[in-house]
>>> print(open('start-v3.cif').read())   # mmCIF, C-alpha atoms
data_coords
loop_
_atom_site.group_PDB
_atom_site.id
_atom_site.type_symbol
_atom_site.label_atom_id
_atom_site.label_comp_id
_atom_site.auth_asym_id
_atom_site.auth_seq_id
_atom_site.Cartn_x
_atom_site.Cartn_y
_atom_site.Cartn_z
ATOM 1 C CA PHE G 1 52.311 14.978 -62.537
ATOM 2 C CA LEU G 2 50.610 12.843 -59.909
ATOM 3 C CA THR G 3 47.424 13.862 -58.162
ATOM 4 C CA ILE G 4 46.235 12.028 -55.042
ATOM 5 C CA ALA G 5 42.781 12.795 -53.686
ATOM 6 C CA SER G 6 42.677 11.903 -49.995
ATOM 7 C CA PRO G 7 41.505 13.795 -46.915
ATOM 8 C CA ALA G 8 44.433 12.295 -44.978
ATOM 9 C CA VAL G 9 46.962 14.385 -46.896
ATOM 10 C CA LEU G 10 47.631 17.633 -45.068
ATOM 11 C CA SER G 11 48.696 20.826 -46.761
ATOM 12 C CA GLY G 12 52.338 20.940 -47.728
ATOM 13 C CA ASP G 13 54.754 18.614 -49.466
ATOM 14 C CA LEU G 14 54.156 14.872 -49.415
ATOM 15 C CA PRO G 15 57.230 12.891 -48.286
ATOM 16 C CA VAL G 16 58.590 10.511 -50.897
ATOM 17 C CA GLU G 17 60.466 7.367 -49.879
ATOM 18 C CA MET G 18 62.370 5.105 -52.246
ATOM 19 C CA THR G 19 62.482 1.489 -51.158
ATOM 20 C CA LEU G 20 63.799 -1.844 -52.365
ATOM 21 C CA ASP G 21 61.321 -3.674 -50.155
ATOM 22 C CA SER G 22 57.914 -4.772 -51.372
ATOM 23 C CA LEU G 23 55.439 -1.938 -51.752
ATOM 24 C CA PRO G 24 52.135 -2.035 -49.895
ATOM 25 C CA ALA G 25 49.302 -3.660 -51.814
ATOM 26 C CA ALA G 26 46.664 -1.384 -53.331
ATOM 27 C CA GLY G 27 44.758 0.320 -50.546
ATOM 28 C CA GLN G 28 47.161 -0.815 -47.830
ATOM 29 C CA SER G 29 48.294 1.971 -45.529
ATOM 30 C CA CYS G 30 51.250 2.679 -43.285
ATOM 31 C CA TYR G 31 51.830 4.793 -40.207
ATOM 32 C CA GLU G 32 52.957 7.974 -41.950
ATOM 33 C CA PRO G 33 51.437 9.768 -44.965
ATOM 34 C CA LYS G 34 53.952 9.365 -47.753
ATOM 35 C CA LEU G 35 54.478 8.245 -51.323
ATOM 36 C CA ARG G 36 56.613 5.140 -51.677
ATOM 37 C CA VAL G 37 58.579 4.459 -54.853
ATOM 38 C CA ASP G 38 59.976 1.064 -55.832
ATOM 39 C CA GLY G 39 63.620 1.826 -56.650
ATOM 40 C CA ARG G 40 63.767 -1.094 -59.091
ATOM 41 C CA SER G 41 60.587 -0.720 -61.124
ATOM 42 C CA GLY G 42 59.461 2.840 -60.445
ATOM 43 C CA ALA G 43 56.086 1.608 -59.206
ATOM 44 C CA LEU G 44 54.262 3.831 -56.729
ATOM 45 C CA ALA G 45 52.255 3.197 -53.585
ATOM 46 C CA TYR G 46 50.551 5.710 -51.339
ATOM 47 C CA CYS G 47 50.406 5.393 -47.559
ATOM 48 C CA ASP G 48 47.605 7.425 -46.004
ATOM 49 C CA GLY G 49 48.622 7.047 -42.375
ATOM 50 C CA SER G 50 45.423 5.345 -41.247
ATOM 51 C CA ALA G 51 47.332 2.382 -39.788
ATOM 52 C CA TRP G 52 48.907 4.528 -37.087
ATOM 53 C CA ALA G 53 46.830 3.109 -34.252
ATOM 54 C CA ARG G 54 46.976 -0.512 -35.361
ATOM 55 C CA ASP G 55 48.826 -2.626 -32.801
ATOM 56 C CA VAL G 56 50.770 0.373 -31.494
ATOM 57 C CA THR G 57 52.013 0.241 -27.904
ATOM 58 C CA ASN G 58 52.974 3.676 -26.570
ATOM 59 C CA VAL G 59 55.725 3.522 -23.939
ATOM 60 C CA VAL G 60 54.180 6.535 -22.187
ATOM 61 C CA ASP G 61 51.025 4.511 -21.553
ATOM 62 C CA HIS G 62 53.147 2.118 -19.509
ATOM 63 C CA GLY G 63 54.716 4.787 -17.319
ATOM 64 C CA ALA G 64 57.632 6.128 -19.363
ATOM 65 C CA VAL G 65 58.204 9.851 -18.828
ATOM 66 C CA GLY G 66 60.856 10.799 -21.376
ATOM 67 C CA ASP G 67 62.093 13.880 -19.516
ATOM 68 C CA GLY G 68 65.769 12.856 -19.401
ATOM 69 C CA HIS G 69 65.688 12.622 -15.590
ATOM 70 C CA VAL G 70 63.325 9.811 -14.600
ATOM 71 C CA ASP G 71 64.613 6.263 -15.130
ATOM 72 C CA ASP G 72 62.307 4.780 -17.795
ATOM 73 C CA THR G 73 63.915 1.317 -18.016
ATOM 74 C CA GLU G 74 61.146 -0.537 -16.198
ATOM 75 C CA ALA G 75 58.364 1.280 -18.055
ATOM 76 C CA ILE G 76 59.877 0.588 -21.472
ATOM 77 C CA ASN G 77 60.289 -3.082 -20.646
ATOM 78 C CA ALA G 78 56.677 -3.144 -19.494
ATOM 79 C CA ALA G 79 55.631 -1.782 -22.896
ATOM 80 C CA LEU G 80 57.815 -4.309 -24.717
ATOM 81 C CA GLY G 81 56.321 -7.089 -22.611
ATOM 82 C CA ALA G 82 52.759 -5.957 -23.282
ATOM 83 C CA ALA G 83 53.139 -5.740 -27.050
ATOM 84 C CA VAL G 84 51.835 -8.549 -29.202
ATOM 85 C CA ALA G 85 54.240 -10.604 -31.306
ATOM 86 C CA GLY G 86 55.154 -8.495 -34.289
ATOM 87 C CA GLY G 87 53.694 -5.463 -32.521
ATOM 88 C CA ARG G 88 54.794 -1.856 -32.753
ATOM 89 C CA ILE G 89 56.472 0.055 -29.915
ATOM 90 C CA TYR G 90 56.225 3.834 -30.164
ATOM 91 C CA PHE G 91 58.404 6.412 -28.390
ATOM 92 C CA PRO G 92 56.874 9.899 -28.478
ATOM 93 C CA ARG G 93 59.177 12.875 -28.534
ATOM 94 C CA GLY G 94 61.429 12.907 -25.470
ATOM 95 C CA THR G 95 64.644 11.626 -23.882
ATOM 96 C CA TYR G 96 64.170 8.264 -22.191
ATOM 97 C CA LEU G 97 66.777 7.562 -19.529
ATOM 98 C CA VAL G 98 67.705 3.893 -19.069
ATOM 99 C CA THR G 99 69.967 2.081 -16.632
ATOM 100 C CA PRO G 100 71.739 -0.805 -18.404
ATOM 101 C CA GLU G 101 71.376 -4.255 -16.920
ATOM 102 C CA THR G 102 74.653 -6.015 -16.215
ATOM 103 C CA GLY G 103 75.450 -9.637 -16.891
ATOM 104 C CA SER G 104 76.781 -11.977 -19.545
ATOM 105 C CA PHE G 105 75.007 -11.455 -22.890
ATOM 106 C CA THR G 106 72.267 -9.524 -21.068
ATOM 107 C CA ASN G 107 70.156 -6.985 -22.966
ATOM 108 C CA THR G 108 68.701 -3.994 -21.140
ATOM 109 C CA LEU G 109 65.493 -3.489 -23.156
ATOM 110 C CA LYS G 110 64.064 -6.918 -23.933
ATOM 111 C CA MET G 111 61.821 -8.075 -26.783
ATOM 112 C CA ALA G 112 60.091 -11.455 -26.826
ATOM 113 C CA GLY G 113 60.097 -11.462 -30.638
ATOM 114 C CA GLY G 114 60.624 -9.301 -33.673
ATOM 115 C CA MET G 115 58.829 -5.955 -33.381
ATOM 116 C CA GLU G 116 58.724 -2.527 -34.945
ATOM 117 C CA VAL G 117 60.379 -0.084 -32.544
ATOM 118 C CA PHE G 118 60.184 3.553 -33.609
ATOM 119 C CA GLY G 119 59.916 7.164 -32.548
ATOM 120 C CA GLU G 120 59.271 10.565 -34.044
ATOM 121 C CA GLY G 121 62.808 10.992 -35.324
ATOM 122 C CA PRO G 122 66.427 10.262 -34.356
ATOM 123 C CA ASP G 123 66.811 13.746 -32.865
ATOM 124 C CA LYS G 124 63.372 13.779 -31.224
ATOM 125 C CA SER G 125 62.868 10.369 -29.568
ATOM 126 C CA ILE G 126 66.101 9.449 -27.769
ATOM 127 C CA ILE G 127 67.057 6.546 -25.518
ATOM 128 C CA LYS G 128 69.927 7.671 -23.288
ATOM 129 C CA VAL G 129 72.134 5.702 -20.889
ATOM 130 C CA THR G 130 72.174 7.103 -17.378
ATOM 131 C CA ASP G 131 75.327 8.512 -15.772
ATOM 132 C CA ALA G 132 77.693 6.150 -13.953
ATOM 133 C CA ALA G 133 76.210 3.046 -15.542
ATOM 134 C CA ASP G 134 77.991 -0.214 -14.909
ATOM 135 C CA SER G 135 79.379 -2.361 -17.732
ATOM 136 C CA TYR G 136 76.682 -3.679 -20.051
ATOM 137 C CA PHE G 137 76.279 -5.877 -23.101
ATOM 138 C CA CYS G 138 73.539 -4.336 -25.271
ATOM 139 C CA LEU G 139 70.714 -1.806 -24.954
ATOM 140 C CA LEU G 140 68.032 -3.319 -27.212
ATOM 141 C CA GLY G 141 67.680 -7.019 -28.000
ATOM 142 C CA GLY G 142 65.859 -10.202 -27.099
ATOM 143 C CA VAL G 143 64.810 -11.560 -23.732
ATOM 144 C CA THR G 144 67.864 -13.802 -24.114
ATOM 145 C CA ARG G 145 70.775 -13.599 -26.499
ATOM 146 C CA GLN G 146 69.231 -16.232 -28.799
ATOM 147 C CA THR G 147 65.609 -14.988 -28.730
ATOM 148 C CA PRO G 148 64.354 -15.036 -32.359
ATOM 149 C CA LEU G 149 63.742 -11.488 -33.617
ATOM 150 C CA ALA G 150 62.444 -12.255 -37.106
ATOM 151 C CA GLY G 151 61.042 -9.185 -38.803
ATOM 152 C CA LEU G 152 62.633 -6.721 -36.375
ATOM 153 C CA ARG G 153 62.442 -3.127 -37.542
ATOM 154 C CA VAL G 154 64.039 -0.221 -35.641
ATOM 155 C CA HIS G 155 63.753 3.291 -37.044
ATOM 156 C CA HIS G 156 63.386 6.997 -36.298
ATOM 157 C CA LEU G 157 65.059 6.697 -32.888
ATOM 158 C CA GLY G 158 68.169 8.159 -31.287
ATOM 159 C CA PHE G 159 70.513 6.293 -28.938
ATOM 160 C CA ASP G 160 72.925 8.187 -26.679
ATOM 161 C CA HIS G 161 75.377 5.958 -24.774
ATOM 162 C CA ASN G 162 76.626 8.953 -22.762
ATOM 163 C CA VAL G 163 80.209 7.662 -22.789
ATOM 164 C CA ALA G 164 81.595 10.826 -21.204
ATOM 165 C CA HIS G 165 79.858 9.801 -17.977
ATOM 166 C CA ASN G 166 80.330 6.049 -18.500
ATOM 167 C CA PRO G 167 84.030 5.440 -19.211
ATOM 168 C CA ARG G 168 85.042 1.887 -20.006
ATOM 169 C CA THR G 169 87.114 0.395 -17.223
ATOM 170 C CA ARG G 170 86.440 -3.339 -17.546
ATOM 171 C CA TYR G 171 87.903 -5.869 -19.910
ATOM 172 C CA PRO G 172 87.821 -8.050 -21.866
ATOM 173 C CA GLU G 173 85.233 -6.660 -24.240
ATOM 174 C CA GLY G 174 82.531 -9.011 -25.379
ATOM 175 C CA LYS G 175 79.812 -10.737 -23.415
ATOM 176 C CA THR G 176 79.689 -8.287 -20.494
ATOM 177 C CA ASP G 177 81.119 -4.984 -21.723
ATOM 178 C CA ALA G 178 80.322 -4.677 -25.435
ATOM 179 C CA GLN G 179 78.103 -1.596 -24.880
ATOM 180 C CA MET G 180 76.194 -2.223 -28.113
ATOM 181 C CA THR G 181 73.011 -0.506 -29.265
ATOM 182 C CA LEU G 182 71.092 -3.266 -31.061
ATOM 183 C CA CYS G 183 71.615 -7.036 -30.943
ATOM 184 C CA ALA G 184 69.805 -9.666 -33.037
ATOM 185 C CA PHE G 185 71.100 -13.225 -32.900
ATOM 186 C CA GLY G 186 69.680 -16.665 -33.555
ATOM 187 C CA GLU G 187 66.699 -17.049 -35.902
ATOM 188 C CA SER G 188 66.426 -13.384 -36.840
ATOM 189 C CA PRO G 189 65.860 -12.873 -40.580
ATOM 190 C CA HIS G 190 64.275 -9.826 -42.250
ATOM 191 C CA VAL G 191 65.872 -7.250 -39.938
ATOM 192 C CA ARG G 192 65.496 -3.577 -40.875
ATOM 193 C CA VAL G 193 67.421 -0.729 -39.222
ATOM 194 C CA HIS G 194 67.063 2.733 -40.704
ATOM 195 C CA ASP G 195 66.815 6.397 -39.776
ATOM 196 C CA ILE G 196 68.434 5.987 -36.357
ATOM 197 C CA ARG G 197 71.207 8.041 -34.778
ATOM 198 C CA VAL G 198 73.764 6.563 -32.389
ATOM 199 C CA VAL G 199 76.052 8.950 -30.500
ATOM 200 C CA ASN G 200 78.682 8.943 -27.752
ATOM 201 C CA SER G 201 79.366 5.216 -27.727
ATOM 202 C CA SER G 202 82.507 3.246 -26.983
ATOM 203 C CA SER G 203 80.956 0.025 -28.195
ATOM 204 C CA ILE G 204 82.234 -3.007 -30.017
ATOM 205 C CA ASN G 205 80.048 -4.027 -33.016
ATOM 206 C CA ASN G 206 77.460 -1.350 -32.252
ATOM 207 C CA ILE G 207 74.704 -2.736 -34.506
ATOM 208 C CA THR G 208 74.954 -6.535 -34.527
ATOM 209 C CA VAL G 209 72.845 -8.938 -36.595
ATOM 210 C CA ASN G 210 74.526 -12.313 -36.406
ATOM 211 C CA GLY G 211 73.324 -15.901 -36.403
ATOM 212 C CA VAL G 212 72.663 -19.146 -38.205
ATOM 213 C CA GLY G 213 69.089 -18.034 -38.926
ATOM 214 C CA VAL G 214 69.985 -14.537 -40.123
ATOM 215 C CA TYR G 215 69.368 -13.468 -43.725
ATOM 216 C CA ASP G 216 67.739 -10.566 -45.582
ATOM 217 C CA VAL G 217 69.192 -7.684 -43.547
ATOM 218 C CA ARG G 218 68.854 -4.011 -44.522
ATOM 219 C CA ILE G 219 70.711 -1.297 -42.607
ATOM 220 C CA HIS G 220 70.527 2.104 -44.249
ATOM 221 C CA ASP G 221 70.225 5.861 -43.764
ATOM 222 C CA ASN G 222 71.620 5.890 -40.245
ATOM 223 C CA LEU G 223 73.988 8.344 -38.546
ATOM 224 C CA PHE G 224 76.783 7.323 -36.166
ATOM 225 C CA GLU G 225 78.728 10.013 -34.290
ATOM 226 C CA GLY G 226 81.353 9.828 -31.562
ATOM 227 C CA ILE G 227 81.810 6.058 -31.805
ATOM 228 C CA GLY G 228 84.867 4.709 -29.985
ATOM 229 C CA GLY G 229 85.887 7.809 -28.086
ATOM 230 C CA ASP G 230 86.391 6.997 -24.434
ATOM 231 C CA ASP G 231 88.365 8.872 -21.794
ATOM 232 C CA GLY G 232 88.444 5.700 -19.720
ATOM 233 C CA LEU G 233 91.104 4.401 -22.104
ATOM 234 C CA ARG G 234 93.299 7.471 -21.755
ATOM 235 C CA GLY G 235 95.615 8.648 -19.015
ATOM 236 C CA SER G 236 99.183 9.542 -18.124
ATOM 237 C CA HIS G 237 102.213 7.708 -16.730
ATOM 238 C CA THR G 238 102.631 8.294 -12.999
ATOM 239 C CA GLY G 239 105.590 5.955 -12.480
ATOM 240 C CA GLU G 240 109.353 6.215 -12.802
ATOM 241 C CA PRO G 241 111.152 7.800 -15.797
ATOM 242 C CA ASP G 242 112.631 5.722 -18.616
ATOM 243 C CA SER G 243 110.302 2.892 -17.631
ATOM 244 C CA ALA G 244 109.388 -0.117 -19.768
ATOM 245 C CA GLY G 245 106.081 -0.403 -17.935
ATOM 246 C CA LEU G 246 103.392 2.233 -17.556
ATOM 247 C CA MET G 247 101.798 2.936 -14.179
ATOM 248 C CA ASP G 248 98.591 4.906 -13.730
ATOM 249 C CA GLU G 249 97.343 5.580 -10.191
ATOM 250 C CA ASP G 250 93.862 6.416 -11.486
ATOM 251 C CA ALA G 251 93.407 3.347 -13.718
ATOM 252 C CA SER G 252 92.048 -0.052 -12.815
ATOM 253 C CA TRP G 253 92.252 -3.030 -15.170
ATOM 254 C CA GLY G 254 91.594 -6.644 -14.328
ATOM 255 C CA PRO G 255 94.416 -9.167 -14.632
ATOM 256 C CA ASP G 256 95.320 -9.756 -18.292
ATOM 257 C CA GLY G 257 92.248 -7.804 -19.360
ATOM 258 C CA ILE G 258 94.071 -5.678 -21.908
ATOM 259 C CA VAL G 259 96.838 -8.020 -23.051
ATOM 260 C CA GLY G 260 97.022 -8.061 -26.835
ATOM 261 C CA ARG G 261 95.681 -4.562 -27.350
ATOM 262 C CA VAL G 262 97.823 -1.708 -28.623
ATOM 263 C CA ALA G 263 98.970 1.140 -26.395
ATOM 264 C CA ILE G 264 99.995 4.457 -27.921
ATOM 265 C CA ASN G 265 102.330 6.888 -26.164
ATOM 266 C CA THR G 266 100.917 10.058 -27.650
ATOM 267 C CA THR G 267 103.661 12.177 -26.063
ATOM 268 C CA ASP G 268 106.659 10.582 -27.781
ATOM 269 C CA GLY G 269 104.784 8.985 -30.693
ATOM 270 C CA SER G 270 105.589 5.371 -29.847
ATOM 271 C CA PHE G 271 103.191 2.439 -29.847
ATOM 272 C CA GLY G 272 103.211 -1.267 -29.127
ATOM 273 C CA LYS G 273 101.232 -4.349 -28.188
ATOM 274 C CA ILE G 274 100.515 -4.820 -24.484
ATOM 275 C CA THR G 275 102.229 -7.984 -23.249
ATOM 276 C CA ALA G 276 101.224 -7.981 -19.560
ATOM 277 C CA ASN G 277 99.188 -5.948 -17.145
ATOM 278 C CA SER G 278 98.230 -5.529 -13.501
ATOM 279 C CA PRO G 279 95.312 -3.508 -12.111
ATOM 280 C CA ALA G 280 97.556 -0.427 -11.966
ATOM 281 C CA GLY G 281 99.548 -0.602 -15.188
ATOM 282 C CA PHE G 282 100.816 -2.506 -18.175
ATOM 283 C CA THR G 283 103.895 -3.356 -20.201
ATOM 284 C CA ALA G 284 104.052 -2.686 -23.918
ATOM 285 C CA ASP G 285 106.862 -3.199 -26.422
ATOM 286 C CA LEU G 286 107.048 0.382 -27.677
ATOM 287 C CA GLN G 287 108.496 1.313 -31.052
ATOM 288 C CA GLY G 288 108.396 4.075 -33.628
ATOM 289 C CA GLY G 289 108.755 6.955 -31.165
ATOM 290 C CA VAL G 290 111.368 9.283 -29.751
ATOM 291 C CA ASP G 291 112.355 7.389 -26.596
ATOM 292 C CA ASN G 292 110.156 4.253 -26.792
ATOM 293 C CA ASP G 293 109.667 4.246 -23.031
ATOM 294 C CA TRP G 294 107.458 5.876 -20.383
ATOM 295 C CA ASP G 295 108.353 9.100 -18.600
ATOM 296 C CA PRO G 296 106.258 10.887 -15.949
ATOM 297 C CA GLY G 297 103.405 12.728 -17.605
ATOM 298 C CA ASP G 298 103.557 10.779 -20.885
ATOM 299 C CA LEU G 299 100.017 10.518 -22.237
ATOM 300 C CA TYR G 300 98.675 7.177 -23.441
ATOM 301 C CA PHE G 301 95.689 5.754 -25.261
ATOM 302 C CA ILE G 302 94.605 2.101 -25.470
ATOM 303 C CA THR G 303 92.941 1.055 -28.725
ATOM 304 C CA HIS G 304 89.977 -1.280 -28.930
ATOM 305 C CA ASP G 305 87.554 -2.666 -31.518
ATOM 306 C CA ALA G 306 85.092 0.114 -32.320
ATOM 307 C CA SER G 307 83.247 -1.546 -35.193
ATOM 308 C CA VAL G 308 79.902 0.070 -35.977
ATOM 309 C CA ILE G 309 77.941 -2.445 -38.089
ATOM 310 C CA TYR G 310 78.488 -6.190 -37.802
ATOM 311 C CA VAL G 311 76.333 -8.506 -39.910
ATOM 312 C CA HIS G 312 76.835 -12.240 -40.355
ATOM 313 C CA ALA G 313 73.921 -13.552 -42.398
ATOM 314 C CA ALA G 314 74.744 -17.225 -41.944
ATOM 315 C CA GLY G 315 71.182 -18.198 -42.831
ATOM 316 C CA GLY G 316 71.479 -17.323 -46.503
ATOM 317 C CA GLY G 317 72.905 -13.871 -47.154
ATOM 318 C CA GLY G 318 71.003 -10.947 -48.582
ATOM 319 C CA ILE G 319 72.803 -8.072 -46.826
ATOM 320 C CA TYR G 320 72.066 -4.494 -47.853
ATOM 321 C CA ILE G 321 74.067 -1.756 -46.097
ATOM 322 C CA ALA G 322 74.021 1.677 -47.681
ATOM 323 C CA ASP G 323 73.792 5.420 -47.125
ATOM 324 C CA ASN G 324 74.988 5.342 -43.525
ATOM 325 C CA VAL G 325 77.109 8.224 -42.243
ATOM 326 C CA PHE G 326 79.988 7.616 -39.830
#
>>> encode(input="start-v3.cif", output="structure tokens")
Amino acid sequence: FLTIASPAVLSGDLPVEMTLDSLPAAGQSCYEPKLRVDGRSGALAYCDGSAWARDVTNVVDHGAVGDGHVDDTEAINAALGAAVAGGRIYFPRGTYLVTPETGSFTNTLKMAGGMEVFGEGPDKSIIKVTDAADSYFCLLGGVTRQTPLAGLRVHHLGFDHNVAHNPRTRYPEGKTDAQMTLCAFGESPHVRVHDIRVVNSSSINNITVNGVGVYDVRIHDNLFEGIGGDDGLRGSHTGEPDSAGLMDEDASWGPDGIVGRVAINTTDGSFGKITANSPAGFTADLQGGVDNDWDPGDLYFITHDASVIYVHAAGGGGIYIADNVF
């Protein structure tokens, strides 16, 4: 039995957290009352919650509303800009609507350095992409793609990419249309991502920690739902019967933007790599189906990279990924 005498402990059960990170030193506190257990040695440390107000920047204090209707992009960036290096950005309970910023390797919510970004829980503090957003690279990252984010910690937040109202229509994927959640490149060691929930995303490499200065990365206890589903990659053939090429009056792809991807004719069960395309259609060498061609009304789906976690710790390794649910 363990008895802790502290006025900071409220009635009820005390949360217990197992960690492989270093425990707080004796007397050191953290933002939430809990008992921390070293998963290797069994050592204990108690956090009394008294550090809650230390270096915390509340996004609401900078104009964020969190009602799911008002665009909070500018207010959140104001909070990120006001925080000290290594500071802590707090999202109270609410849904924070953001409009992604377009551009090559451009992040929407910008940090000048590694910070602690957190909310009240992945189903309570939610960052949501607005309807009819244009193509975008990443929601949360550095001021530039290579901004060092050493010590970045993101936790107890939800991210809703709202893909049903933001279908992918631009290709190629990558520097302008990756639609990622979190991006840490360059000199960004000691990254921690835990207790977040990402939903309704058609991203490539949703959580990305990648760079020559990356090492010691821990991504754990996160939930990913509805990753990769996108009605913008589905449709039906509106052209001639027995056709080698698909035509879709409602689709719009840039020249050669989808060459090399795989198209699936879900009506006759055939599939094949796309060899050429125009803004209105594409040609694929279909095989494995009933007719291996396109007939009016045949339904199709175009596949794309829907990786969820991408880590390249080129700075020395030390990758820990566990207990995530996909």
>>> closest_atom_pairs(input="start-v3.cif", of="region 191-228 of chain G", to="region 177-186 of chain G", cutoff="6 Å", atoms="all atoms listed in the file", output="JSON lines")
{"residue": "G:Ser203", "atom": "CA", "partner": "G:Gln179", "partner_atom": "CA", "distance": 4.7}
{"residue": "G:Ile204", "atom": "CA", "partner": "G:Ala178", "partner_atom": "CA", "distance": 5.2}
{"residue": "G:Asn206", "atom": "CA", "partner": "G:Met180", "partner_atom": "CA", "distance": 4.4}
{"residue": "G:Ile207", "atom": "CA", "partner": "G:Leu182", "partner_atom": "CA", "distance": 5.0}
{"residue": "G:Thr208", "atom": "CA", "partner": "G:Cys183", "partner_atom": "CA", "distance": 4.9}
{"residue": "G:Val209", "atom": "CA", "partner": "G:Ala184", "partner_atom": "CA", "distance": 4.7}
{"residue": "G:Asn210", "atom": "CA", "partner": "G:Phe185", "partner_atom": "CA", "distance": 5.0}
{"residue": "G:Gly211", "atom": "CA", "partner": "G:Gly186", "partner_atom": "CA", "distance": 4.7}
{"residue": "G:Gly213", "atom": "CA", "partner": "G:Gly186", "partner_atom": "CA", "distance": 5.6}
>>> resolve_selection(input="start-v3.cif", expression="the PyMOL selection byres ((chain G and resi 312) around 9)", output="ChimeraX atom specification")
/G:208-212,214-215,310-311,313-315,317,319
>>> residues_near_point(input="start-v3.cif", point="(61.0, -11.8, -31.8)", cutoff="9 Å", atoms="all atoms listed in the file", output="ChimeraX atom specification")
/G:85-86,111-115,142-143,147-152,187-188
>>> residues_around(input="start-v3.cif", residues="Glu101 (chain G)", least_positions_apart="5", cutoff="10 Å", atoms="all atoms listed in the file", output="PyMOL selection string")
chain G and resi 73+106-109+133-139+176
>>> resolve_selection(input="start-v3.cif", expression="the PyMOL selection byres ((chain G and resi 117) around 12)", output="number ranges by chain")
G: 55-59, 76, 79-80, 83, 86-92, 109-111, 113-116, 118-121, 125, 127, 140-141, 149, 151-158, 182, 191-196
>>> resolve_selection(input="start-v3.cif", expression="the PyMOL selection byres ((chain G and resi 300) around 7)", output="JSON, numbers by chain")
{"G": [234, 235, 236, 263, 264, 265, 266, 298, 299, 301, 302]}
>>> closest_residue(input="start-v3.cif", among="G:His190, G:Arg36, G:Lys128, G:Arg197", to="Val163 (chain G)", atoms="all atoms listed in the file")
G:Lys128
>>> atom_distance(input="start-v3.cif", atom1="CA of Phe159 (chain G)", atom2="CA of Pro122 (chain G)")
7.9 Å
>>> residues_around(input="start-v3.cif", residues="Ile219 (chain G)", least_positions_apart="2", cutoff="8 Å", atoms="only C-alpha atoms", output="NGL selection string")
:G and (192-194 or 217 or 221-222 or 320-322 or 324)
>>> atom_distance(input="start-v3.cif", atom1="CA of Ala78 (chain G)", atom2="CA of Ala164 (chain G)")
28.6 Å
>>> closest_residue(input="start-v3.cif", among="G:Val70, G:Leu44, G:Val325, G:Val199", to="Leu20 (chain G)", atoms="all atoms listed in the file")
G:Leu44
>>> atom_distance(input="start-v3.cif", atom1="CA of Gly228 (chain G)", atom2="CA of Asp72 (chain G)")
25.6 Å
>>> closest_residue(input="start-v3.cif", among="G:Trp253, G:Phe224, G:Phe282, G:Phe271", to="His237 (chain G)", atoms="all atoms listed in the file")
G:Phe282
>>> closest_residue(input="start-v3.cif", among="G:Lys124, G:Gly68, G:Ala75, G:Pro15", to="Leu97 (chain G)", atoms="all atoms listed in the file")
G:Gly68
>>> residues_around(input="start-v3.cif", residues="region 276-280 of chain G", least_positions_apart="2", cutoff="6 Å", atoms="all atoms listed in the file", output="ChimeraX atom specification")
/G:247-248,251-256,259,274,282-283
